[in-house]
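Have a look at data10.txt below; it lists compact mmCIF, C-alpha atoms and all ligand atoms.
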# COMPACT_ATOMS: atom_id res chain seq x y z
CA MET M 195 19.28 39.67 4.25
CA ILE M 196 22.76 38.89 3.02
CA ARG M 197 23.30 35.13 3.02
CA ASP M 198 27.05 35.20 2.53
CA GLN M 199 28.85 38.55 2.46
CA GLU M 200 31.91 37.24 0.61
CA THR M 201 29.87 35.68 -2.20
CA LEU M 202 27.80 38.84 -2.54
CA ASP M 203 30.94 41.01 -2.62
CA GLN M 204 32.32 38.83 -5.43
CA LEU M 205 29.08 39.12 -7.41
CA VAL M 206 28.85 42.89 -6.92
CA ASP M 207 32.55 43.28 -7.93
CA MET M 208 32.00 41.17 -11.02
CA ILE M 209 28.96 43.23 -12.03
CA ARG M 210 30.83 46.49 -11.35
CA GLN M 211 33.65 45.35 -13.64
CA PHE M 212 31.14 44.34 -16.33
CA VAL M 213 29.36 47.71 -16.04
CA GLU M 214 32.62 49.68 -16.20
CA GLY M 215 34.48 47.52 -18.71
CA VAL M 216 31.70 46.51 -21.11
CA LEU M 217 28.41 48.36 -20.62
CA ILE M 218 29.52 51.97 -20.11
CA PRO M 219 31.82 51.88 -23.20
CA HIS M 220 28.81 50.73 -25.29
CA GLU M 221 26.30 53.30 -24.00
CA ASN M 222 26.62 55.67 -26.96
CA GLU M 223 26.37 52.87 -29.49
CA VAL M 224 23.17 51.58 -27.86
CA ALA M 225 21.71 55.10 -27.78
CA GLU M 226 22.51 55.62 -31.45
CA THR M 227 21.44 52.23 -32.81
CA ASP M 228 18.55 51.62 -30.37
CA GLU M 229 19.88 48.04 -30.02
CA ILE M 230 21.97 46.18 -27.49
CA PRO M 231 24.70 44.26 -29.37
CA GLN M 232 24.08 40.51 -29.40
CA ASP M 233 27.52 39.71 -27.98
CA ILE M 234 26.69 41.81 -24.89
CA ILE M 235 23.41 39.91 -24.49
CA GLU M 236 25.39 36.64 -24.65
CA GLN M 237 27.79 37.94 -21.99
CA MET M 238 24.82 38.86 -19.80
CA LYS M 239 23.50 35.31 -20.16
CA ALA M 240 26.88 33.81 -19.34
CA LEU M 241 27.14 35.95 -16.19
CA GLY M 242 23.73 34.74 -15.03
CA LEU M 243 22.24 38.22 -15.15
CA PHE M 244 18.85 37.02 -16.43
CA GLY M 245 18.36 34.81 -13.38
CA LEU M 246 19.62 36.97 -10.51
CA THR M 247 16.38 36.75 -8.53
CA ILE M 248 15.05 33.41 -9.73
CA PRO M 249 15.34 30.75 -7.00
CA GLU M 250 18.38 28.46 -7.18
CA LYS M 251 16.03 25.47 -7.46
CA TYR M 252 15.08 26.86 -10.90
CA GLU M 253 18.65 27.63 -12.00
CA GLY M 254 18.78 31.27 -10.87
CA LEU M 255 21.02 32.90 -8.25
CA GLY M 256 18.10 33.31 -5.86
CA LEU M 257 19.19 36.73 -4.59
CA THR M 258 17.38 38.05 -1.54
CA MET M 259 15.88 41.53 -1.81
CA GLU M 260 18.82 43.07 0.04
CA GLU M 261 21.30 41.32 -2.25
CA GLU M 262 19.25 42.35 -5.30
CA VAL M 263 19.31 46.04 -4.41
CA TYR M 264 23.11 45.96 -4.03
CA VAL M 265 23.27 44.56 -7.57
CA ALA M 266 20.78 47.18 -8.80
CA PHE M 267 22.94 49.98 -7.32
CA GLU M 268 25.69 48.79 -9.72
CA LEU M 269 23.48 48.18 -12.76
CA GLY M 270 21.95 51.62 -12.30
CA ARG M 271 25.34 53.20 -13.03
CA THR M 272 24.99 52.58 -16.76
CA SER M 273 22.27 53.15 -19.39
CA PRO M 274 18.93 51.86 -18.07
CA ALA M 275 18.47 50.02 -21.39
CA PHE M 276 20.88 47.28 -20.31
CA ARG M 277 19.04 46.72 -17.04
CA SER M 278 15.71 46.86 -18.84
CA LEU M 279 16.57 43.83 -20.97
CA ILE M 280 17.31 41.67 -17.92
CA GLY M 281 14.85 43.55 -15.70
CA THR M 282 11.64 41.76 -16.60
CA ASN M 283 13.08 38.23 -16.14
CA ASN M 284 14.38 39.32 -12.74
CA GLY M 285 11.30 41.29 -11.76
CA ILE M 286 7.83 41.95 -13.06
CA GLY M 287 8.04 39.21 -15.71
CA SER M 288 8.90 36.39 -13.29
CA SER M 289 7.77 37.53 -9.83
CA GLY M 290 4.12 36.62 -10.40
CA LEU M 291 5.13 33.02 -11.02
CA ILE M 292 7.63 32.94 -8.17
CA ILE M 293 5.13 34.39 -5.68
CA ASP M 294 1.88 32.72 -6.77
CA GLY M 295 2.62 30.14 -9.51
CA THR M 296 2.03 26.41 -9.28
CA GLU M 297 5.01 24.07 -9.08
CA ALA M 298 4.37 22.95 -12.67
CA GLN M 299 4.34 26.56 -13.92
CA LYS M 300 7.51 27.41 -12.03
CA SER M 301 9.47 24.38 -13.14
CA PHE M 302 8.45 24.84 -16.77
CA PHE M 303 9.14 28.58 -17.15
CA LEU M 304 11.64 29.73 -14.52
CA PRO M 305 14.75 27.80 -15.67
CA ARG M 306 14.26 29.15 -19.23
CA LEU M 307 13.94 32.68 -17.87
CA ALA M 308 16.98 32.24 -15.61
CA ARG M 309 19.11 31.11 -18.56
CA GLY M 310 17.93 34.07 -20.64
CA GLU M 311 16.62 31.70 -23.30
CA VAL M 312 13.22 33.32 -22.99
CA ILE M 313 12.36 36.94 -22.19
CA SER M 314 9.27 37.68 -20.13
CA SER M 315 6.97 40.70 -20.02
CA PHE M 316 4.31 41.93 -17.61
CA CYS M 317 1.00 42.91 -19.22
CA LEU M 318 -1.06 45.02 -16.83
CA THR M 319 -1.44 48.50 -18.37
CA GLU M 320 -4.06 49.12 -21.05
CA PRO M 321 -5.02 52.15 -23.16
CA ASP M 322 -7.75 53.05 -20.63
CA ALA M 323 -6.29 51.43 -17.50
CA GLY M 324 -2.97 52.95 -16.39
CA SER M 325 -2.85 54.20 -12.81
CA ASP M 326 -6.33 52.74 -12.28
CA ALA M 327 -5.09 49.25 -13.02
CA ALA M 328 -8.14 47.52 -11.48
CA SER M 329 -10.34 48.97 -14.25
CA LEU M 330 -8.65 46.84 -16.91
CA LYS M 331 -10.90 45.45 -19.63
CA THR M 332 -8.91 42.63 -21.24
CA SER M 333 -11.15 39.58 -20.92
CA ALA M 334 -10.42 35.93 -20.31
CA VAL M 335 -13.55 33.87 -20.90
CA LYS M 336 -13.51 30.21 -19.87
CA GLU M 337 -14.46 27.70 -22.58
CA GLY M 338 -13.97 24.13 -21.43
CA ASP M 339 -10.28 23.58 -20.74
CA PHE M 340 -9.33 26.92 -22.31
CA TYR M 341 -9.61 30.66 -21.74
CA ILE M 342 -10.17 33.04 -24.66
CA LEU M 343 -8.24 36.30 -24.28
CA ASN M 344 -9.34 39.57 -25.90
CA GLY M 345 -7.96 43.05 -25.30
CA THR M 346 -5.00 45.39 -25.71
CA LYS M 347 -2.08 45.92 -23.35
CA ARG M 348 0.00 49.10 -23.65
CA PHE M 349 3.65 50.22 -23.11
CA ILE M 350 4.72 46.63 -22.45
CA THR M 351 8.45 46.53 -21.69
CA ASN M 352 10.39 43.92 -23.70
CA ALA M 353 7.22 42.79 -25.53
CA PRO M 354 9.02 42.84 -28.92
CA HIS M 355 11.48 40.24 -27.54
CA ALA M 356 9.19 38.32 -25.19
CA GLY M 357 8.64 34.59 -25.32
CA VAL M 358 6.19 34.70 -22.45
CA PHE M 359 3.73 37.21 -21.00
CA THR M 360 2.21 37.51 -17.54
CA VAL M 361 -1.24 38.82 -18.45
CA MET M 362 -3.80 40.30 -16.09
CA ALA M 363 -7.31 39.81 -17.50
CA ARG M 364 -10.88 39.93 -16.25
CA THR M 365 -12.47 36.53 -15.69
CA ASN M 366 -15.49 37.77 -13.74
CA PHE M 367 -17.45 40.66 -15.22
CA ASP M 368 -19.95 40.78 -12.35
CA ILE M 369 -17.13 42.04 -10.11
CA LYS M 370 -16.12 45.44 -11.45
CA GLY M 371 -12.79 46.05 -9.68
CA ALA M 372 -9.80 44.03 -8.54
CA GLY M 373 -11.67 40.88 -7.47
CA GLY M 374 -12.68 40.01 -11.05
CA ILE M 375 -9.10 39.91 -12.33
CA SER M 376 -6.96 36.78 -12.85
CA ALA M 377 -3.33 36.39 -13.92
CA PHE M 378 -2.15 34.11 -16.72
CA ILE M 379 1.19 32.97 -18.05
CA VAL M 380 0.95 33.07 -21.84
CA ASP M 381 3.31 31.81 -24.55
CA SER M 382 3.89 34.71 -26.96
CA GLN M 383 3.67 32.35 -29.96
CA THR M 384 0.04 31.48 -29.21
CA PRO M 385 -2.15 32.28 -32.25
CA GLY M 386 -4.19 35.45 -31.71
CA ILE M 387 -1.35 37.55 -30.25
CA PHE M 388 -0.24 40.59 -32.24
CA LEU M 389 2.37 43.23 -31.42
CA GLY M 390 2.06 46.96 -32.14
CA LYS M 391 4.89 49.12 -33.47
CA CYS M 392 7.72 49.89 -31.07
CA ASP M 393 6.91 53.03 -29.08
CA LYS M 394 9.08 56.09 -29.82
CA LYS M 395 10.23 57.17 -26.39
CA MET M 396 11.85 60.28 -24.86
CA GLY M 397 14.85 58.22 -23.77
CA GLN M 398 16.04 54.74 -22.82
CA LYS M 399 16.97 53.93 -26.41
CA GLY M 400 17.77 50.23 -26.64
CA ALA M 401 14.87 49.36 -24.31
CA HIS M 402 11.76 48.51 -26.26
CA THR M 403 8.06 48.73 -25.49
CA CYS M 404 4.96 48.16 -27.59
CA ASP M 405 1.28 47.21 -27.48
CA VAL M 406 0.32 43.55 -27.11
CA ILE M 407 -3.03 42.75 -28.68
CA PHE M 408 -5.04 39.60 -27.92
CA GLU M 409 -7.67 38.63 -30.48
CA ASN M 410 -9.56 35.45 -29.62
CA CYS M 411 -6.33 34.07 -28.23
CA ARG M 412 -6.98 30.57 -26.89
CA ILE M 413 -4.80 29.58 -23.95
CA PRO M 414 -4.98 26.41 -21.86
CA ALA M 415 -6.68 26.62 -18.47
CA SER M 416 -3.35 25.51 -16.97
CA ALA M 417 -2.03 29.01 -17.83
CA LEU M 418 -3.99 30.46 -14.90
CA ILE M 419 -1.28 31.48 -12.42
CA GLY M 420 -1.63 29.46 -9.22
CA GLY M 421 -4.74 27.80 -10.68
CA VAL M 422 -6.96 30.28 -8.82
CA GLU M 423 -9.27 32.85 -10.43
CA GLY M 424 -9.89 36.32 -9.00
CA VAL M 425 -6.54 36.89 -7.29
CA GLY M 426 -4.61 38.21 -10.30
CA PHE M 427 -4.77 41.83 -9.19
CA LYS M 428 -3.27 40.93 -5.82
CA THR M 429 -0.54 38.99 -7.63
CA ALA M 430 0.16 42.12 -9.71
CA MET M 431 0.31 44.33 -6.60
CA LYS M 432 2.75 41.96 -4.86
CA VAL M 433 4.89 41.94 -8.00
CA LEU M 434 4.89 45.74 -8.02
CA ASP M 435 5.85 46.01 -4.32
CA LYS M 436 9.04 44.20 -5.20
CA GLY M 437 9.49 45.96 -8.55
CA ARG M 438 9.18 49.38 -6.94
CA LEU M 439 12.02 48.59 -4.56
CA HIS M 440 14.14 47.54 -7.51
CA ILE M 441 13.41 50.79 -9.39
CA ALA M 442 14.27 52.74 -6.23
CA ALA M 443 17.65 50.96 -6.09
CA LEU M 444 18.28 51.66 -9.78
CA SER M 445 17.56 55.33 -9.16
CA VAL M 446 20.25 55.36 -6.48
CA GLY M 447 22.69 53.81 -8.98
CA ALA M 448 21.84 56.25 -11.76
CA ALA M 449 22.08 59.26 -9.44
CA THR M 450 25.47 58.01 -8.22
CA ARG M 451 26.75 57.80 -11.79
CA MET M 452 25.45 61.25 -12.71
CA LEU M 453 27.01 62.75 -9.61
CA ASP M 454 30.36 61.00 -10.20
CA ASP M 455 30.44 62.35 -13.76
CA SER M 456 29.51 65.84 -12.57
CA LEU M 457 32.10 65.86 -9.77
CA ASN M 458 34.80 64.91 -12.28
CA TYR M 459 33.58 67.59 -14.66
CA ALA M 460 33.51 70.22 -11.89
CA ILE M 461 37.09 69.36 -10.86
CA GLU M 462 38.38 69.54 -14.46
CA ARG M 463 36.40 72.49 -15.77
CA LYS M 464 38.01 75.84 -15.05
CA GLN M 465 36.25 79.22 -15.09
CA PHE M 466 37.29 82.51 -13.52
CA GLY M 467 40.75 81.01 -13.16
CA GLN M 468 39.85 78.00 -11.02
CA PRO M 469 38.03 74.66 -11.14
CA ILE M 470 34.29 75.28 -10.88
CA ALA M 471 34.25 72.71 -8.02
CA GLU M 472 35.86 75.44 -5.90
CA PHE M 473 32.74 77.60 -6.15
CA GLN M 474 30.33 77.28 -3.27
CA LEU M 475 27.23 77.37 -5.48
CA ILE M 476 28.55 74.30 -7.34
CA GLN M 477 29.51 72.70 -4.01
CA ALA M 478 25.95 73.17 -2.75
CA MET M 479 24.62 71.18 -5.71
CA LEU M 480 27.23 68.45 -5.20
CA ALA M 481 26.53 68.25 -1.46
CA ASP M 482 22.73 68.25 -1.75
CA SER M 483 22.93 65.47 -4.33
CA LYS M 484 25.33 63.39 -2.21
CA ALA M 485 23.13 63.68 0.89
CA GLU M 486 19.95 62.82 -1.02
CA ILE M 487 21.54 59.77 -2.65
CA TYR M 488 22.68 58.60 0.79
CA ALA M 489 19.18 59.08 2.21
CA ALA M 490 17.60 57.13 -0.66
CA LYS M 491 20.16 54.34 -0.36
CA CYS M 492 19.41 53.96 3.37
CA MET M 493 15.66 53.82 2.65
CA VAL M 494 16.05 51.22 -0.07
CA LEU M 495 18.25 49.00 2.09
CA ASP M 496 15.92 49.28 5.07
CA ALA M 497 12.84 48.41 3.00
CA ALA M 498 14.69 45.51 1.34
CA ARG M 499 15.69 44.10 4.75
CA LEU M 500 12.10 44.38 6.00
CA ARG M 501 10.87 42.48 2.94
CA ASP M 502 13.49 39.77 3.51
CA ALA M 503 12.27 39.53 7.11
CA GLY M 504 8.82 38.63 5.75
CA LYS M 505 7.18 41.98 6.54
CA LYS M 506 4.53 43.52 4.27
CA VAL M 507 6.37 46.40 2.63
CA SER M 508 3.77 48.07 0.45
CA THR M 509 4.20 51.38 2.31
CA GLU M 510 7.99 51.18 2.51
CA ALA M 511 8.33 50.15 -1.16
CA SER M 512 6.19 53.10 -2.22
CA CYS M 513 8.12 55.48 0.08
CA ALA M 514 11.42 54.26 -1.34
CA LYS M 515 10.21 54.41 -4.95
CA MET M 516 8.76 57.89 -4.52
CA PHE M 517 11.76 59.34 -2.69
CA ALA M 518 14.49 57.66 -4.74
CA THR M 519 13.01 58.39 -8.16
CA GLU M 520 12.20 62.02 -7.32
CA MET M 521 15.69 62.35 -5.83
CA CYS M 522 17.12 60.97 -9.06
CA GLY M 523 15.19 63.58 -11.06
CA ARG M 524 16.53 66.38 -8.86
CA VAL M 525 20.08 65.04 -9.13
CA ALA M 526 19.75 64.78 -12.93
CA ASP M 527 18.64 68.39 -13.10
CA ARG M 528 21.48 69.63 -10.86
CA CYS M 529 24.03 67.59 -12.79
CA VAL M 530 22.97 69.16 -16.10
CA GLN M 531 23.32 72.52 -14.34
CA ILE M 532 26.84 71.70 -13.11
CA HIS M 533 27.80 70.82 -16.69
CA GLY M 534 26.43 74.18 -17.91
CA GLY M 535 25.93 74.36 -21.69
CA ALA M 536 27.85 71.08 -22.06
CA GLY M 537 25.04 69.35 -20.15
CA TYR M 538 22.71 70.00 -23.07
CA ILE M 539 25.06 68.40 -25.59
CA SER M 540 24.79 64.67 -26.28
CA GLU M 541 28.59 64.23 -26.17
CA TYR M 542 28.20 64.15 -22.38
CA ALA M 543 26.38 61.21 -20.79
CA ILE M 544 24.39 63.53 -18.53
CA GLU M 545 22.23 64.72 -21.45
CA ARG M 546 21.13 61.12 -22.09
CA PHE M 547 20.74 60.23 -18.40
CA TYR M 548 18.56 63.31 -17.85
CA ARG M 549 16.07 61.90 -20.37
CA ASP M 550 16.52 58.24 -19.40
CA VAL M 551 15.81 58.66 -15.69
CA ARG M 552 12.60 60.62 -16.29
CA LEU M 553 10.84 57.29 -16.73
CA PHE M 554 11.67 56.18 -13.17
CA ARG M 555 9.07 58.63 -11.80
CA LEU M 556 6.41 57.19 -14.10
CA TYR M 557 6.59 53.44 -14.53
CA GLU M 558 5.68 50.81 -11.95
CA GLY M 559 3.38 53.47 -10.49
CA THR M 560 3.74 57.24 -10.79
CA THR M 561 4.87 59.32 -7.83
CA GLN M 562 1.25 60.32 -7.34
CA ILE M 563 0.19 56.64 -7.09
CA GLN M 564 2.94 56.05 -4.52
CA GLN M 565 1.64 59.01 -2.51
CA MET M 566 -1.87 57.57 -2.69
CA ILE M 567 -0.71 54.12 -1.53
CA ILE M 568 1.31 55.54 1.37
CA ALA M 569 -1.49 57.80 2.59
CA ARG M 570 -4.16 55.08 2.21
CA ASN M 571 -2.08 52.61 4.19
CA MET M 572 -1.58 55.25 6.92
CA ILE M 573 -5.31 55.97 7.11
CA ARG M 574 -6.21 52.25 7.16
CA ALA M 575 -3.72 51.56 9.94
CA ALA M 576 -5.06 54.46 12.01
CA SER M 577 -8.79 53.72 11.56
N1 LIG D 1 -0.19 43.39 -1.86
C1 LIG D 1 -1.21 42.51 -1.77
N2 LIG D 1 -2.51 42.85 -1.99
C2 LIG D 1 -2.76 44.13 -2.32
C3 LIG D 1 -1.74 45.10 -2.42
C4 LIG D 1 -0.40 44.68 -2.17
N3 LIG D 1 0.61 45.55 -2.27
N4 LIG D 1 -2.28 46.28 -2.76
C5 LIG D 1 -3.60 46.08 -2.86
N5 LIG D 1 -3.89 44.77 -2.59
C6 LIG D 1 -5.21 44.14 -2.55
C7 LIG D 1 -6.11 44.90 -1.59
O1 LIG D 1 -5.96 44.40 -0.27
C8 LIG D 1 -7.48 44.60 -2.14
O2 LIG D 1 -7.89 43.33 -1.73
P1 LIG D 1 -9.29 43.11 -0.92
O3 LIG D 1 -10.35 43.61 -1.87
O4 LIG D 1 -9.35 41.64 -0.70
O5 LIG D 1 -9.18 43.92 0.29
C9 LIG D 1 -7.24 44.54 -3.64
O6 LIG D 1 -5.84 44.27 -3.82
C10 LIG D 1 -7.58 45.84 -4.33
O7 LIG D 1 -6.78 46.86 -3.74
P2 LIG D 1 -7.26 48.38 -3.72
O8 LIG D 1 -8.68 48.44 -3.21
O9 LIG D 1 -6.24 49.17 -3.01
O10 LIG D 1 -7.26 48.71 -5.32
P3 LIG D 1 -7.51 50.10 -6.03
O11 LIG D 1 -8.06 49.79 -7.35
O12 LIG D 1 -8.27 51.05 -5.17
O13 LIG D 1 -6.05 50.79 -6.17
C11 LIG D 1 -3.75 50.98 -6.81
C12 LIG D 1 -4.92 50.13 -6.33
C13 LIG D 1 -4.06 52.39 -7.21
C14 LIG D 1 -2.74 50.99 -5.68
C15 LIG D 1 -3.23 50.17 -8.02
O14 LIG D 1 -4.19 50.22 -9.05
C16 LIG D 1 -1.91 50.62 -8.54
O15 LIG D 1 -0.86 50.28 -7.99
N6 LIG D 1 -1.92 51.39 -9.66
C17 LIG D 1 -0.73 51.70 -10.38
C18 LIG D 1 -0.46 50.61 -11.36
C19 LIG D 1 0.95 50.62 -11.79
O16 LIG D 1 1.87 50.71 -11.01
N7 LIG D 1 1.13 50.50 -13.08
C20 LIG D 1 2.44 50.52 -13.63
C21 LIG D 1 2.47 49.65 -14.82
S1 LIG D 1 2.87 48.06 -14.48
S2 LIG D 1 4.79 48.11 -14.86
Is it possible to give me this structure as structure tokens?
Ligand code: COS
Amino acid sequence: MIRDQETLDQLVDMIRQFVEGVLIPHENEVAETDEIPQDIIEQMKALGLFGLTIPEKYEGLGLTMEEEVYVAFELGRTSPAFRSLIGTNNGIGSSGLIIDGTEAQKSFFLPRLARGEVISSFCLTEPDAGSDAASLKTSAVKEGDFYILNGTKRFITNAPHAGVFTVMARTNFDIKGAGGISAFIVDSQTPGIFLGKCDKKMGQKGAHTCDVIFENCRIPASALIGGVEGVGFKTAMKVLDKGRLHIAALSVGAATRMLDDSLNYAIERKQFGQPIAEFQLIQAMLADSKAEIYAAKCMVLDAARLRDAGKKVSTEASCAKMFATEMCGRVADRCVQIHGGAGYISEYAIERFYRDVRLFRLYEGTTQIQQMIIARNMIRAAS
């Protein structure tokens, strides 16, 4: 749902100008230094980019899902590292609170997240609980007015910068799967929290992940999201339904950028006495990529509108995430091919994008998990 087309157009234009004028010119620097310059972070704060999806009541812009995906199409056109820094506050790091938090939890944390004063992270994955998230072992044992957290969370995006963690932990050990899990909102300065070394990744330099280790970490009982035990897994799944749509939209943005760069390259690059764009085998790659981006964009927008209409979009979010991220991988591969040998050289952005976008098919649920969710939902609906 678009609340006011003119306001959205202004926001999208402003973000496009920021992406083109500030972020794209700094991509190489971020890739080389593995850091986003502080002055860019300050500009992101000033533009309200940390609070795009946080409700207006809590100082955010309160974007609807449809509005959010239009913004993500733009943000996707530059290095994913920039989006990653603001991504958790706008998505998996705040959604749990927005969807299921108590009023006290929302009013305490959300304005800080919206202003970018505090970075949030989402702690679901563990060394032995990745795709099978319901098998997580991190424990939260109630002791009076406190819970004691113990366990290790893995590959946690923005953990090195986080001021607050949404942590999924087991409160009931008699229930083996999802029903024994609760969600907590945890201040990262609480004694008993330790961070691992930053992970060395294939790409997305400038975006940081690491382990988060809880050792007898004592948190107040008021940290239980929504004040209800045993529903933390469902909170996590609802967060991921939304997050998967966002990743699908980013994939559309990244594929658009890669294709734009490749089209320009194909028009400029001459071989056999003419621009390579004149060759039909190059045209086939350009046309297939264009059509697939269009298809993914239509899917993302449709799923976003359904979510705004209050529909359950688990199937549609997984369809969009699966199709858009796989599409993005195919486009990345074709775009390297269009660049020829130059596509393997880091002077061209496509070499970096090829590595950066590989993560889209993995995080917030692999393609295989999306397939499983889609098929399961189909079977359930038919039985
Ligand atoms: N919204 C609300 N509730 C949901 C839900 C959703 N999208 N998906 C599942 N649930 C509920 C189910 O209804 C079920 O509740 P009941 O027991 O009351 O019926 C409960 O959650 C458990 O669901 P399910 O039985 O489907 O859980 P499974 O363990 O079999 O599998 C998958 C769940 C595989 C879908 C889940 O573990 C998953 O998404 N894994 C990937 C994790 C991931 O994306 N990790 C990325 C890292 S986080 S950035």
> Can you find the residues with an atom no farther than 12 Å from (1.9, 58.7, -1.5), counting only C-alpha atoms, and report them as a PyMOL selection string?
Replying inline: chain M and resi 508-517+559-573
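Taking CA of Ala401 in chain M and CA of Ala498 in chain M as the two end points, the separation is 25.9 Å.
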Taking only residues of chain M that have an atom at most 7 Å from an atom of ligand LIG 1 (chain D), what is each one's shortest atom pair and its distance in Å to one decimal, using all atoms listed in the file, in chain and number order, as CSV?
residue,atom,partner,partner_atom,distance
M:Phe316,CA,D:LIG1,S2,6.8
M:Leu318,CA,D:LIG1,S1,5.5
M:Thr319,CA,D:LIG1,C21,5.4
M:Gly324,CA,D:LIG1,N7,5.8
M:Ser325,CA,D:LIG1,C17,4.1
M:Asp326,CA,D:LIG1,O14,4.6
M:Ala327,CA,D:LIG1,O14,4.2
M:Ala328,CA,D:LIG1,O11,4.7
M:Gly371,CA,D:LIG1,O11,6.5
M:Ala372,CA,D:LIG1,C10,5.1
M:Gly373,CA,D:LIG1,O3,6.4
M:Phe427,CA,D:LIG1,O6,6.0
M:Lys428,CA,D:LIG1,N2,4.4
M:Thr429,CA,D:LIG1,C1,6.9
M:Met431,CA,D:LIG1,C4,4.5
M:Lys432,CA,D:LIG1,N1,4.4
M:Leu434,CA,D:LIG1,O16,6.5
M:Asp435,CA,D:LIG1,N3,5.6
M:Ser508,CA,D:LIG1,N3,4.9
M:Tyr557,CA,D:LIG1,C20,5.2
M:Glu558,CA,D:LIG1,C20,3.7
M:Gly559,CA,D:LIG1,O16,3.2
M:Thr560,CA,D:LIG1,O16,6.8
M:Ile563,CA,D:LIG1,C17,6.0
M:Ile567,CA,D:LIG1,C14,5.6
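Taking all atoms listed in the file into account, Asn284 in chain M lies nearest to M:Glu262 out of the set M:Glu472, M:Glu223, M:Glu262, M:Asp381.
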>> Give me the residues near Asp527 in chain M as a list in words, where near means some atom within 12 Å (using only C-alpha atoms) and where sequence neighbours in that chain fewer than 5 positions away do not count.
In response: Ala449, Met452, Leu453, Ser456, Met479, Leu480, Ser483, Glu520, Met521, Cys522, Ile532, His533, Gly534, Gly537, Tyr538, Ile544, Glu545, Arg546, Phe547, Tyr548, Arg549, Val551 and Arg552 of chain M
>> Is it possible to get the residues within 12 Å of (-12.5, 46.1, -11.9) (coordinates as in the file, counting all atoms listed in the file) written as a ChimeraX atom specification?
In response: /M:323,326-333,362-376,424-427
Take the selection from the previous step and output its residues with C-alpha atoms, as a tab-separated table (two decimals), in the frame of the given file.
chain	number	residue	atom	x	y	z
M	323	ALA	CA	-6.29	51.43	-17.50
M	326	ASP	CA	-6.33	52.74	-12.28
M	327	ALA	CA	-5.09	49.25	-13.02
M	328	ALA	CA	-8.14	47.52	-11.48
M	329	SER	CA	-10.34	48.97	-14.25
M	330	LEU	CA	-8.65	46.84	-16.91
M	331	LYS	CA	-10.90	45.45	-19.63
M	332	THR	CA	-8.91	42.63	-21.24
M	333	SER	CA	-11.15	39.58	-20.92
M	362	MET	CA	-3.80	40.30	-16.09
M	363	ALA	CA	-7.31	39.81	-17.50
M	364	ARG	CA	-10.88	39.93	-16.25
M	365	THR	CA	-12.47	36.53	-15.69
M	366	ASN	CA	-15.49	37.77	-13.74
M	367	PHE	CA	-17.45	40.66	-15.22
M	368	ASP	CA	-19.95	40.78	-12.35
M	369	ILE	CA	-17.13	42.04	-10.11
M	370	LYS	CA	-16.12	45.44	-11.45
M	371	GLY	CA	-12.79	46.05	-9.68
M	372	ALA	CA	-9.80	44.03	-8.54
M	373	GLY	CA	-11.67	40.88	-7.47
M	374	GLY	CA	-12.68	40.01	-11.05
M	375	ILE	CA	-9.10	39.91	-12.33
M	376	SER	CA	-6.96	36.78	-12.85
M	424	GLY	CA	-9.89	36.32	-9.00
M	425	VAL	CA	-6.54	36.89	-7.29
M	426	GLY	CA	-4.61	38.21	-10.30
M	427	PHE	CA	-4.77	41.83	-9.19
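Take the candidates M:Lys336, M:Arg555, M:Arg309, M:Arg528 and check each one against Ile413 in chain M using only C-alpha atoms; the shortest distance goes to M:Lys336.
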>> My list of candidates is M:Ala266, M:Arg451, M:Asn344, M:Arg197. Which is closest to Ile218 in chain M when distances are computed with all atoms listed in the file?
In response: M:Arg451
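For the residues M:Ala460, M:Ala518, M:Cys529, M:Ala298, ranking by smallest atom-to-atom distance to Ala417 in chain M using all atoms listed in the file places M:Ala298 first.
CA of Ile280 in chain M is positioned 21.3 Å from CA of Leu495 in chain M.
Rounded to one decimal, CA of Tyr252 in chain M and CA of Leu304 in chain M lie 5.8 Å from each other.
Contact shell of range 389-393 of chain M at 10 Å (all atoms listed in the file; same-chain neighbours under 6 positions omitted): Thr346, Lys347, Arg348, Phe349, Ile350, Thr351, Asn352, Ala353, Pro354, Ser382, Ala401, His402, Thr403, Cys404, Asp405, Val406, Ile407 and Phe408 of chain M.
For the residues M:Leu475, M:Ala356, M:Leu241, M:Ile461, ranking by smallest atom-to-atom distance to Val312 in chain M using all atoms listed in the file places M:Ala356 first.
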> For Leu444 in chain M, which residue among M:Ala225, M:Ala503, M:Val263, M:Leu246 is the nearest when counting only C-alpha atoms?
Replying inline: M:Val263
> Within 7 Å of Gly295 in chain M, counting all atoms listed in the file, which residues qualify if same-chain residues fewer than 4 places away don't, as a PyMOL selection string?
Replying inline: chain M and resi 290-291+299-300+419-420
